[in-house]
Amino acid sequence: MSNILILDDEEYIAKLISKIAIKKGHNVQIADNFDLAYELINNGSFFDYIFIDYNIEKNKLNNFSEFIKSKNKNCQIIIMSGLTEQEIVESVKYDKFIFKPDLVDVINKIL
């Protein structure tokens, strides 16, 4: 069983990932912005996986990724986007990429 944070401002995407993860026995928390995600982590929440929408507050993404890795180097940062991986800015640090149209299939493989 893993602890998962879903960071996405699109409620239906967050609920979809949450539903799949919970069915597989994982614990899930959802944040719709980076401030809430920071708050969860600073209050002691520990995550094995963090699913992040690439388009949510892009200017905060790299700082958040670095913060996560400083707290837990084994946490898997998974970027989700409707853009292809080649279109993602190279400076973004992540462990896995999910092309959103393939979301359900990839989530089932990862978890």
# chains A, B, ... in the order shown; residues from 1 in each chain; ligands from 1

$ residues_around --residues "Ser2 in chain A" --least-positions-apart "4" --cutoff "9 Å" --atoms "only C-alpha atoms" --output "ChimeraX atom specification"
/A:21,25-28,47-49,111

$ write_last_selection --atoms "N, CA and C atoms" --output "short mmCIF file (atom, residue, chain, number, x, y, z; two decimals), in the first residue's frame"
data_model
loop_
_atom_site.label_atom_id
_atom_site.label_comp_id
_atom_site.auth_asym_id
_atom_site.auth_seq_id
_atom_site.Cartn_x
_atom_site.Cartn_y
_atom_site.Cartn_z
N ALA A 21 -6.65 4.32 -7.56
CA ALA A 21 -5.67 4.05 -6.50
C ALA A 21 -6.33 3.44 -5.26
N GLY A 25 -6.05 -0.32 -3.11
CA GLY A 25 -5.64 -0.35 -1.72
C GLY A 25 -4.69 0.74 -1.26
N HIS A 26 -4.53 1.79 -2.06
CA HIS A 26 -3.62 2.87 -1.71
C HIS A 26 -4.35 3.98 -0.94
N ASN A 27 -3.58 4.75 -0.18
CA ASN A 27 -4.10 5.93 0.51
C ASN A 27 -3.90 7.13 -0.41
N VAL A 28 -4.92 7.98 -0.52
CA VAL A 28 -4.86 9.09 -1.46
C VAL A 28 -5.26 10.40 -0.79
N PHE A 47 4.59 10.84 1.10
CA PHE A 47 4.03 10.28 -0.13
C PHE A 47 5.07 9.45 -0.89
N ASP A 48 4.59 8.33 -1.42
CA ASP A 48 5.41 7.47 -2.26
C ASP A 48 5.34 7.92 -3.72
N TYR A 49 4.17 8.43 -4.10
CA TYR A 49 3.92 8.92 -5.46
C TYR A 49 3.23 10.27 -5.38
N LEU A 111 0.50 1.61 -10.62
CA LEU A 111 0.03 1.20 -9.29
C LEU A 111 -0.32 -0.27 -9.28
#

$ residues_around --residues "range 71-74 of chain A" --least-positions-apart "3" --cutoff "10 Å" --atoms "only C-alpha atoms" --output "list in words"
Ile41, Asn42, Phe46, Phe47, Asp48, Tyr49, Glu66, Phe67, Ile68, Ile77 and Asp95 of chain A

$ select_by_dssp --residues "chain A" --states "helix (DSSP H, G or I)" --output "PyMOL selection string"
chain A and resi 11-23+34-42+58-71+85-87+100-110

$ write_last_selection --atoms "N, CA and C atoms" --output "compact mmCIF listing (two decimals), in the first residue's frame"
# COMPACT_ATOMS: atom_id res chain seq x y z
N GLU A 11 -10.85 18.63 -11.15
CA GLU A 11 -11.42 17.72 -10.16
C GLU A 11 -11.70 16.33 -10.72
N TYR A 12 -12.19 16.24 -11.94
CA TYR A 12 -12.53 14.93 -12.49
C TYR A 12 -11.28 14.07 -12.71
N ILE A 13 -10.15 14.67 -13.05
CA ILE A 13 -8.90 13.92 -13.20
C ILE A 13 -8.45 13.41 -11.84
N ALA A 14 -8.46 14.29 -10.84
CA ALA A 14 -8.05 13.90 -9.49
C ALA A 14 -8.93 12.77 -8.96
N LYS A 15 -10.23 12.87 -9.19
CA LYS A 15 -11.14 11.83 -8.71
C LYS A 15 -10.93 10.51 -9.46
N LEU A 16 -10.64 10.59 -10.75
CA LEU A 16 -10.39 9.38 -11.53
C LEU A 16 -9.17 8.63 -11.01
N ILE A 17 -8.07 9.34 -10.82
CA ILE A 17 -6.85 8.72 -10.31
C ILE A 17 -7.09 8.19 -8.90
N SER A 18 -7.77 8.98 -8.08
CA SER A 18 -8.07 8.58 -6.71
C SER A 18 -8.88 7.28 -6.68
N LYS A 19 -9.88 7.20 -7.51
CA LYS A 19 -10.74 6.02 -7.55
C LYS A 19 -9.93 4.76 -7.89
N ILE A 20 -9.07 4.88 -8.89
CA ILE A 20 -8.24 3.74 -9.30
C ILE A 20 -7.30 3.33 -8.16
N ALA A 21 -6.65 4.32 -7.56
CA ALA A 21 -5.67 4.05 -6.50
C ALA A 21 -6.33 3.44 -5.26
N ILE A 22 -7.46 3.97 -4.87
CA ILE A 22 -8.15 3.45 -3.69
C ILE A 22 -8.62 2.01 -3.93
N LYS A 23 -9.12 1.73 -5.13
CA LYS A 23 -9.52 0.36 -5.47
C LYS A 23 -8.37 -0.62 -5.32
N PHE A 34 -0.36 24.16 -5.23
CA PHE A 34 0.90 23.85 -4.56
C PHE A 34 0.90 24.25 -3.09
N ASP A 35 0.22 25.34 -2.74
CA ASP A 35 0.19 25.76 -1.34
C ASP A 35 -0.39 24.67 -0.45
N LEU A 36 -1.48 24.05 -0.89
CA LEU A 36 -2.09 22.96 -0.13
C LEU A 36 -1.16 21.75 -0.08
N ALA A 37 -0.49 21.46 -1.18
CA ALA A 37 0.45 20.34 -1.21
C ALA A 37 1.60 20.56 -0.23
N TYR A 38 2.16 21.77 -0.23
CA TYR A 38 3.22 22.10 0.75
C TYR A 38 2.71 21.93 2.17
N GLU A 39 1.49 22.40 2.42
CA GLU A 39 0.90 22.30 3.75
C GLU A 39 0.78 20.85 4.20
N LEU A 40 0.31 19.98 3.32
CA LEU A 40 0.18 18.56 3.66
C LEU A 40 1.53 17.97 4.04
N ILE A 41 2.54 18.27 3.26
CA ILE A 41 3.88 17.71 3.49
C ILE A 41 4.51 18.31 4.75
N ASN A 42 4.36 19.59 4.93
CA ASN A 42 4.93 20.24 6.11
C ASN A 42 4.23 19.82 7.40
N LYS A 58 2.69 26.25 -13.31
CA LYS A 58 3.98 25.79 -13.86
C LYS A 58 5.19 26.49 -13.25
N ASN A 59 5.03 27.75 -12.89
CA ASN A 59 6.16 28.49 -12.33
C ASN A 59 6.60 27.96 -10.98
N LYS A 60 5.79 27.13 -10.32
CA LYS A 60 6.13 26.57 -9.02
C LYS A 60 6.58 25.11 -9.09
N LEU A 61 6.50 24.52 -10.26
CA LEU A 61 6.73 23.08 -10.40
C LEU A 61 8.14 22.65 -10.02
N ASN A 62 9.16 23.32 -10.52
CA ASN A 62 10.54 22.92 -10.22
C ASN A 62 10.88 23.06 -8.75
N ASN A 63 10.48 24.16 -8.14
CA ASN A 63 10.74 24.34 -6.71
C ASN A 63 10.06 23.25 -5.89
N PHE A 64 8.85 22.90 -6.27
CA PHE A 64 8.12 21.86 -5.56
C PHE A 64 8.81 20.51 -5.73
N SER A 65 9.24 20.19 -6.94
CA SER A 65 9.94 18.93 -7.20
C SER A 65 11.21 18.83 -6.35
N GLU A 66 11.97 19.90 -6.28
CA GLU A 66 13.18 19.91 -5.47
C GLU A 66 12.86 19.75 -3.99
N PHE A 67 11.81 20.41 -3.54
CA PHE A 67 11.37 20.30 -2.15
C PHE A 67 11.01 18.85 -1.82
N ILE A 68 10.26 18.22 -2.69
CA ILE A 68 9.84 16.83 -2.47
C ILE A 68 11.06 15.92 -2.36
N LYS A 69 11.96 16.04 -3.30
CA LYS A 69 13.15 15.18 -3.31
C LYS A 69 14.03 15.42 -2.07
N SER A 70 14.02 16.64 -1.54
CA SER A 70 14.80 16.92 -0.32
C SER A 70 14.15 16.25 0.90
N LYS A 71 12.83 16.08 0.86
CA LYS A 71 12.11 15.44 1.97
C LYS A 71 12.11 13.92 1.83
N GLU A 85 5.47 14.31 -24.13
CA GLU A 85 6.65 14.46 -23.29
C GLU A 85 7.70 15.34 -23.96
N GLN A 86 7.77 15.31 -25.28
CA GLN A 86 8.74 16.14 -26.00
C GLN A 86 8.41 17.64 -25.87
N GLU A 87 7.16 17.96 -25.59
CA GLU A 87 6.75 19.36 -25.46
C GLU A 87 6.96 19.91 -24.05
N LYS A 100 -1.95 12.46 -20.78
CA LYS A 100 -3.29 12.36 -20.20
C LYS A 100 -4.27 11.49 -20.99
N PRO A 101 -4.23 11.49 -22.32
CA PRO A 101 -5.15 10.58 -23.02
C PRO A 101 -4.91 9.09 -22.68
N ASP A 102 -3.74 8.76 -22.18
CA ASP A 102 -3.41 7.38 -21.79
C ASP A 102 -3.50 7.17 -20.28
N LEU A 103 -4.08 8.10 -19.57
CA LEU A 103 -4.05 8.14 -18.11
C LEU A 103 -4.48 6.84 -17.44
N VAL A 104 -5.64 6.33 -17.75
CA VAL A 104 -6.17 5.15 -17.06
C VAL A 104 -5.26 3.95 -17.25
N ASP A 105 -4.83 3.69 -18.48
CA ASP A 105 -3.95 2.55 -18.74
C ASP A 105 -2.63 2.67 -17.99
N VAL A 106 -2.04 3.85 -18.00
CA VAL A 106 -0.74 4.03 -17.36
C VAL A 106 -0.86 3.96 -15.85
N ILE A 107 -1.90 4.56 -15.27
CA ILE A 107 -2.11 4.51 -13.82
C ILE A 107 -2.23 3.06 -13.37
N ASN A 108 -2.98 2.28 -14.11
CA ASN A 108 -3.13 0.86 -13.75
C ASN A 108 -1.79 0.12 -13.81
N LYS A 109 -0.92 0.50 -14.70
CA LYS A 109 0.41 -0.15 -14.79
C LYS A 109 1.32 0.31 -13.66
N ILE A 110 1.29 1.60 -13.32
CA ILE A 110 2.16 2.13 -12.28
C ILE A 110 1.78 1.60 -10.89

$ select_by_dssp --residues "range 18-103 of chain A" --states "strand (DSSP E or B)" --output "PyMOL selection string"
chain A and resi 27-31+49-53+76-81+96-99

$ atom_distance --atom1 "CA of Phe51 in chain A" --atom2 "CA of Leu5 in chain A"
6.3 Å

$ atom_distance --atom1 "CA of Lys24 in chain A" --atom2 "CA of Glu57 in chain A"
29.2 Å

$ residues_around --residues "Asp32 in chain A" --least-positions-apart "5" --cutoff "6 Å" --atoms "only C-alpha atoms" --output "list of chain:residue names"
A:Leu7, A:Asp8, A:Asp9

$ residues_around --residues "Phe97 in chain A" --least-positions-apart "4" --cutoff "8 Å" --atoms "only C-alpha atoms" --output "NGL selection string"
:A and (78-81 or 85)

$ write_last_selection --atoms "N, CA and C atoms" --output "CSV table (one decimal), in the first residue's frame"
chain,number,residue,atom,x,y,z
A,78,ILE,N,5.4,12.2,-10.8
A,78,ILE,CA,4.8,11.8,-12.0
A,78,ILE,C,4.1,13.0,-12.6
A,79,ILE,N,4.6,13.4,-13.7
A,79,ILE,CA,4.0,14.6,-14.4
A,79,ILE,C,2.9,14.1,-15.4
A,80,MET,N,1.8,14.7,-15.4
A,80,MET,CA,0.7,14.4,-16.3
A,80,MET,C,0.4,15.6,-17.2
A,81,SER,N,0.2,15.4,-18.5
A,81,SER,CA,-0.1,16.5,-19.4
A,81,SER,C,-0.8,16.0,-20.6
A,85,GLU,N,5.5,14.3,-24.1
A,85,GLU,CA,6.6,14.5,-23.3
A,85,GLU,C,7.7,15.3,-24.0

$ atom_distance --atom1 "CA of Ile50 in chain A" --atom2 "CA of Cys75 in chain A"
7.3 Å
